[in-house]
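Novice: Just input.txt, nothing more (compact mmCIF, C-alpha atoms (C1' of nucleotides)):
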```txt
# COMPACT_ATOMS: atom_id res chain seq x y z
CA MET H 1 -5.94 -22.10 24.52
CA THR H 2 -4.25 -18.84 23.76
CA ALA H 3 -5.78 -15.39 23.69
CA THR H 4 -9.39 -15.16 22.60
CA LEU H 5 -9.54 -11.43 22.08
CA PRO H 6 -7.27 -10.27 19.29
CA SER H 7 -4.77 -7.95 20.87
CA ASP H 8 -3.59 -4.87 19.06
CA THR H 9 -0.28 -6.49 18.24
CA LEU H 10 -1.91 -9.61 16.85
CA ARG H 11 -4.12 -7.47 14.69
CA ASP H 12 -1.14 -5.43 13.51
CA ARG H 13 0.74 -8.59 12.65
CA ALA H 14 -2.24 -9.95 10.76
CA ALA H 15 -2.30 -6.67 8.83
CA ILE H 16 1.36 -7.14 7.95
CA ILE H 17 0.65 -10.65 6.68
CA ALA H 18 -2.25 -9.35 4.63
CA ARG H 19 -0.10 -6.55 3.25
CA ALA H 20 2.54 -9.07 2.18
CA LEU H 21 -0.17 -11.05 0.38
CA SER H 22 -1.69 -7.98 -1.27
CA ASP H 23 0.40 -8.15 -4.43
CA SER H 24 -0.39 -10.60 -7.22
CA LYS H 25 3.28 -11.26 -7.94
CA ARG H 26 3.85 -12.22 -4.34
CA LEU H 27 0.79 -14.45 -4.43
CA CYS H 28 2.26 -16.04 -7.51
CA VAL H 29 5.45 -16.66 -5.54
CA VAL H 30 3.43 -18.33 -2.80
CA GLU H 31 1.82 -20.59 -5.40
CA ARG H 32 5.22 -21.61 -6.77
CA LEU H 33 6.70 -22.20 -3.35
CA ALA H 34 3.72 -24.36 -2.48
CA GLU H 35 5.21 -26.86 -4.93
CA GLY H 36 8.64 -26.74 -3.31
CA GLU H 37 11.81 -24.75 -3.02
CA ARG H 38 12.68 -22.28 -5.74
CA SER H 39 15.69 -20.07 -6.37
CA VAL H 40 15.38 -16.33 -6.88
CA SER H 41 16.27 -16.58 -10.54
CA ASP H 42 13.76 -19.42 -11.04
CA LEU H 43 11.02 -17.31 -9.53
CA SER H 44 11.94 -14.19 -11.45
CA ARG H 45 11.95 -16.15 -14.71
CA ASP H 46 8.65 -17.90 -14.00
CA ILE H 47 6.88 -14.76 -12.91
CA GLY H 48 8.49 -12.55 -15.50
CA CYS H 49 10.21 -9.80 -13.57
CA GLN H 50 13.75 -8.70 -12.97
CA VAL H 51 15.85 -10.36 -10.33
CA PRO H 52 16.22 -7.28 -8.10
CA ASN H 53 12.48 -6.81 -8.17
CA MET H 54 11.91 -10.43 -7.19
CA SER H 55 14.49 -10.10 -4.44
CA GLN H 56 12.54 -7.17 -3.01
CA HIS H 57 9.25 -9.06 -3.15
CA LEU H 58 10.90 -11.98 -1.39
CA ALA H 59 12.25 -9.60 1.25
CA VAL H 60 8.69 -8.43 1.92
CA LEU H 61 7.51 -12.01 2.31
CA ARG H 62 10.50 -12.86 4.48
CA GLN H 63 9.95 -9.90 6.79
CA ALA H 64 6.36 -11.01 7.21
CA GLY H 65 7.59 -14.46 8.18
CA ILE H 66 5.90 -16.08 5.21
CA VAL H 67 9.00 -17.47 3.51
CA ALA H 68 12.43 -18.58 4.63
CA SER H 69 15.67 -18.84 2.66
CA ARG H 70 18.59 -21.18 2.42
CA ARG H 71 21.84 -20.61 0.59
CA GLU H 72 23.49 -23.37 -1.41
CA GLY H 73 26.58 -22.23 -3.21
CA ASN H 74 25.67 -18.99 -4.83
CA THR H 75 22.02 -19.76 -5.26
CA VAL H 76 19.48 -18.89 -2.58
CA PHE H 77 16.48 -21.15 -2.26
CA TYR H 78 13.24 -19.87 -0.81
CA ARG H 79 10.50 -21.97 0.74
CA LEU H 80 7.25 -21.36 2.59
CA ALA H 81 8.01 -20.83 6.26
CA ASP H 82 4.49 -21.70 7.36
CA ALA H 83 2.14 -24.00 5.49
CA ARG H 84 -0.85 -22.22 7.03
CA VAL H 85 -0.17 -19.40 4.61
CA LEU H 86 -1.64 -21.64 1.94
CA GLU H 87 -4.80 -22.02 4.00
CA ALA H 88 -5.02 -18.25 4.37
CA TYR H 89 -4.48 -17.80 0.64
CA ARG H 90 -7.20 -20.33 -0.16
CA MET H 91 -9.59 -18.48 2.13
CA LEU H 92 -8.77 -15.21 0.38
CA GLN H 93 -9.54 -16.90 -2.92
CA GLN H 94 -12.84 -18.14 -1.54
CA VAL H 95 -13.80 -14.60 -0.60
CA ALA H 96 -12.55 -13.31 -3.94
CA ARG H 97 -14.72 -15.69 -5.95
CA MET X 1 -16.57 -27.63 -9.31
CA THR X 2 -15.11 -24.37 -10.51
CA ALA X 3 -11.57 -23.66 -11.61
CA THR X 4 -8.81 -25.61 -9.93
CA LEU X 5 -5.87 -23.58 -11.15
CA PRO X 6 -5.90 -20.03 -9.82
CA SER X 7 -6.40 -17.84 -12.83
CA ASP X 8 -4.75 -14.47 -13.08
CA THR X 9 -8.01 -12.72 -12.29
CA LEU X 10 -8.69 -14.85 -9.24
CA ARG X 11 -5.21 -14.12 -7.97
CA ASP X 12 -5.69 -10.42 -8.62
CA ARG X 13 -8.98 -10.45 -6.75
CA ALA X 14 -7.41 -12.30 -3.84
CA ALA X 15 -4.73 -9.59 -3.79
CA ILE X 16 -7.43 -6.94 -3.61
CA ILE X 17 -9.05 -8.72 -0.67
CA ALA X 18 -5.69 -8.96 1.07
CA ARG X 19 -5.02 -5.29 0.39
CA ALA X 20 -8.34 -4.36 1.96
CA LEU X 21 -7.39 -6.40 5.03
CA SER X 22 -3.89 -4.96 5.24
CA ASP X 23 -4.79 -2.09 7.57
CA SER X 24 -5.29 -2.62 11.30
CA LYS X 25 -8.16 -0.16 11.48
CA ARG X 26 -9.99 -2.04 8.77
CA LEU X 27 -9.32 -5.32 10.55
CA CYS X 28 -10.77 -3.70 13.66
CA VAL X 29 -13.86 -2.83 11.61
CA VAL X 30 -14.15 -6.45 10.52
CA GLU X 31 -13.99 -7.53 14.16
CA ARG X 32 -16.77 -5.15 15.12
CA LEU X 33 -18.95 -6.11 12.20
CA ALA X 34 -18.51 -9.76 13.13
CA GLU X 35 -20.73 -8.95 16.11
CA GLY X 36 -23.41 -7.36 13.96
CA GLU X 37 -24.36 -4.25 12.08
CA ARG X 38 -22.72 -0.98 13.03
CA SER X 39 -23.22 2.60 11.87
CA VAL X 40 -20.35 4.71 10.56
CA SER X 41 -20.39 6.94 13.62
CA ASP X 42 -20.40 3.90 15.92
CA LEU X 43 -17.37 2.50 14.17
CA SER X 44 -15.50 5.78 14.11
CA ARG X 45 -16.13 6.25 17.82
CA ASP X 46 -15.14 2.70 18.75
CA ILE X 47 -12.01 2.72 16.66
CA GLY X 48 -11.08 6.29 17.44
CA CYS X 49 -10.84 8.06 14.15
CA GLN X 50 -12.75 10.78 12.38
CA VAL X 51 -15.92 10.01 10.51
CA PRO X 52 -14.58 10.91 7.04
CA ASN X 53 -11.60 8.66 7.62
CA MET X 54 -13.86 5.79 8.68
CA SER X 55 -16.06 6.38 5.67
CA GLN X 56 -13.04 6.02 3.42
CA HIS X 57 -11.93 2.81 5.10
CA LEU X 58 -15.45 1.45 4.70
CA ALA X 59 -15.37 2.40 1.04
CA VAL X 60 -12.22 0.33 0.60
CA LEU X 61 -13.87 -2.65 2.28
CA ARG X 62 -17.03 -2.16 0.24
CA GLN X 63 -15.17 -1.99 -3.06
CA ALA X 64 -13.45 -5.24 -2.15
CA GLY X 65 -16.85 -6.80 -1.54
CA ILE X 66 -16.11 -7.40 2.13
CA VAL X 67 -18.86 -5.26 3.59
CA ALA X 68 -22.27 -4.08 2.47
CA SER X 69 -24.29 -1.10 3.61
CA ARG X 70 -27.91 -0.32 4.32
CA ARG X 71 -29.44 3.07 4.95
CA GLU X 72 -32.03 3.59 7.63
CA GLY X 73 -33.07 7.20 7.91
CA ASN X 74 -29.95 9.24 8.39
CA THR X 75 -27.75 6.45 9.50
CA VAL X 76 -25.93 3.98 7.28
CA PHE X 77 -25.39 0.54 8.72
CA TYR X 78 -22.54 -1.64 7.55
CA ARG X 79 -22.36 -5.40 7.82
CA LEU X 80 -20.05 -8.15 6.63
CA ALA X 81 -21.03 -9.13 3.11
CA ASP X 82 -19.38 -12.53 3.34
CA ALA X 83 -18.89 -14.50 6.54
CA ARG X 84 -15.90 -16.28 5.00
CA VAL X 85 -13.94 -13.08 5.53
CA LEU X 86 -13.86 -14.03 9.19
CA GLU X 87 -12.33 -17.38 8.29
CA ALA X 88 -9.71 -15.63 6.21
CA TYR X 89 -8.99 -13.20 9.02
CA ARG X 90 -8.61 -16.05 11.50
CA MET X 91 -6.16 -17.77 9.19
CA LEU X 92 -4.15 -14.55 8.90
CA GLN X 93 -4.07 -14.40 12.68
CA GLN X 94 -2.88 -18.01 12.82
CA VAL X 95 0.01 -17.15 10.52
CA ALA X 96 0.71 -13.97 12.46
CA ARG X 97 1.00 -15.76 15.76
C1' DG Y 1 -38.05 26.34 3.67
C1' DG Y 2 -34.59 26.15 7.51
C1' DA Y 3 -31.94 23.86 10.96
C1' DC Y 4 -30.06 19.72 12.23
C1' DT Y 5 -27.79 14.99 12.04
C1' DA Y 6 -25.26 11.42 9.45
C1' DC Y 7 -22.47 10.33 5.95
C1' DT Y 8 -19.73 10.98 1.59
C1' DT Y 9 -16.59 13.30 -1.41
C1' DG Y 10 -12.93 16.48 -2.79
C1' DC Y 11 -8.45 18.32 -1.89
C1' DG Y 12 -3.78 18.84 -0.16
C1' DT Y 13 0.03 16.53 2.10
C1' DA Y 14 3.27 13.39 4.19
C1' DG Y 15 4.53 8.81 3.91
C1' DT Y 16 4.78 4.33 1.46
C1' DT Y 17 5.18 1.07 -2.51
C1' DG Y 18 6.69 -1.14 -6.82
C1' DC Y 19 9.75 -0.71 -10.36
C1' DG Y 20 14.06 -0.07 -13.31
C1' DC Y 21 18.71 0.53 -13.14
C1' DA Y 22 23.33 0.71 -11.20
C1' DA Y 23 26.40 -0.76 -7.71
C1' DC Y 24 27.75 -3.93 -4.34
C1' DA Y 25 28.30 -8.52 -1.84
C1' DA Y 26 28.84 -13.60 -1.76
C1' DG Y 27 30.27 -17.66 -3.72
C1' DT Y 28 32.55 -20.68 -7.50
C1' DG Y 29 36.25 -22.06 -10.36
C1' DA Y 30 40.18 -21.35 -13.50
C1' DT G 1 43.74 -12.76 -8.31
C1' DC G 2 40.48 -12.54 -12.05
C1' DA G 3 36.29 -13.58 -14.35
C1' DC G 4 31.82 -15.19 -13.74
C1' DT G 5 27.19 -16.23 -11.62
C1' DT G 6 23.64 -15.25 -8.21
C1' DG G 7 21.37 -12.18 -4.99
C1' DT G 8 21.01 -8.02 -2.36
C1' DT G 9 21.03 -3.11 -1.64
C1' DG G 10 20.85 1.82 -2.89
C1' DC G 11 18.74 5.41 -5.55
C1' DG G 12 15.30 7.98 -8.12
C1' DC G 13 10.71 8.26 -9.71
C1' DA G 14 5.77 7.65 -10.60
C1' DA G 15 1.80 5.88 -8.40
C1' DC G 16 -0.73 5.01 -4.48
C1' DT G 17 -2.39 5.42 0.59
C1' DA G 18 -3.99 7.25 4.99
C1' DC G 19 -5.06 11.26 7.08
C1' DG G 20 -7.07 15.93 8.37
C1' DC G 21 -10.01 19.33 6.99
C1' DA G 22 -13.57 21.65 4.26
C1' DA G 23 -17.49 21.22 1.41
C1' DG G 24 -21.31 18.73 -0.41
C1' DT G 25 -25.26 15.28 -0.16
C1' DA G 26 -29.14 12.73 1.98
C1' DG G 27 -32.53 12.33 5.25
C1' DT G 28 -35.37 13.95 9.53
C1' DC G 29 -38.03 17.20 12.09
C1' DC G 30 -39.98 21.71 13.09
```
Now, as a test, write the supplied structure out as structure tokens.
Specialist:
Amino acid sequence: MTATLPSDTLRDRAAIIARALSDSKRLCVVERLAEGERSVSDLSRDIGCQVPNMSQHLAVLRQAGIVASRREGNTVFYRLADARVLEAYRMLQQVAR
Amino acid sequence: MTATLPSDTLRDRAAIIARALSDSKRLCVVERLAEGERSVSDLSRDIGCQVPNMSQHLAVLRQAGIVASRREGNTVFYRLADARVLEAYRMLQQVAR
DNA sequence: GGACTACTTGCGTAGTTGCGCAACAAGTGA
DNA sequence: TCACTTGTTGCGCAACTACGCAAGTAGTCC
């Protein structure tokens, strides 16, 4: 087993994850990426925002370790870095119901 | 069963829950309340902040439906309104690890 | 009523966030 | 090299957040 008591740093990191998930556009991104890789322009079109804005949202998710990116030519594909994010999101939805 | 596709409102509400959990002091509150009811002054002492500040954090959690309060004489006791919040918090910690 | 405790609310402020827009960087292909 | 596409970064601004502090509210006890 690992630590049982949540250390300050673990709590802080959990807060950062929660912060990254605290925007409905970013949650929408998580939903899309749950289906598979998506490019920045795909996501911005689906969600209905400008590309720079989407890029910033993705940067927030990336800094939280929620998504990862891969470049192919001049398109950048994003994917979920950790499938457990979906579990966390589902639990948030349960609480939100 | 209820809705399978996350509606806009469900997503928005999940974002509100995540926002409420996006502060380490509030996560600390959730940890304390997982052990049982606590008064505002108890929480502010344990967490090390002023009472008005704690009251505001509790208001955020209350508006998100995460905690509920009960008055007994002068003291107001807060408790977790939904035990599933703990599940969500644990999942956030899993992702944060 | 008056003094006291416990909590909430209002206010001002410094810091942060989300957004639009412009500029820049990275890659492709003629 | 030039034009083009795709993302990222910088900048300015309005909105929001966390905090400290003062003031107000709710309840107890004398």
Novice: Between atom CA of Ile66 of chain H and atom CA of Leu58 of chain X, what is the spacing in Å?
Specialist: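 Answer for the atom CA of Leu58 of chain X to atom CA of Ile66 of chain H separation: 27.6 Å.
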Novice: What is the distance between atom CA of Arg79 of chain X and atom C1' of DA18 of chain G, in Å to one decimal?
Specialist: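 Interatomic distance, atom CA of Arg79 of chain X to atom C1' of DA18 of chain G: 22.5 Å.
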Novice: Name the residues in contact with Glu72 of chain H at a cut-off of 12 Å, using all atoms listed in the file, excluding same-chain residues fewer than 3 positions from it; report them as a ChimeraX atom specification.
Specialist: /H:37-39,69,75-78 /Y:26-28 /G:6-7
Novice: Any idea what the distance is between atom CA of Ala64 of chain X and atom CA of Ala20 of chain X?
Specialist: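 We find that atom CA of Ala64 of chain X and atom CA of Ala20 of chain X lie 6.6 Å from each other.
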Novice: Could you work out which residues of chain X fall inside 10 Å of chain H? Count all atoms listed in the file, and format the result as a VMD selection string.
Specialist: chain X and resid 2 6 8 to 28 31 64 to 66 81 to 97
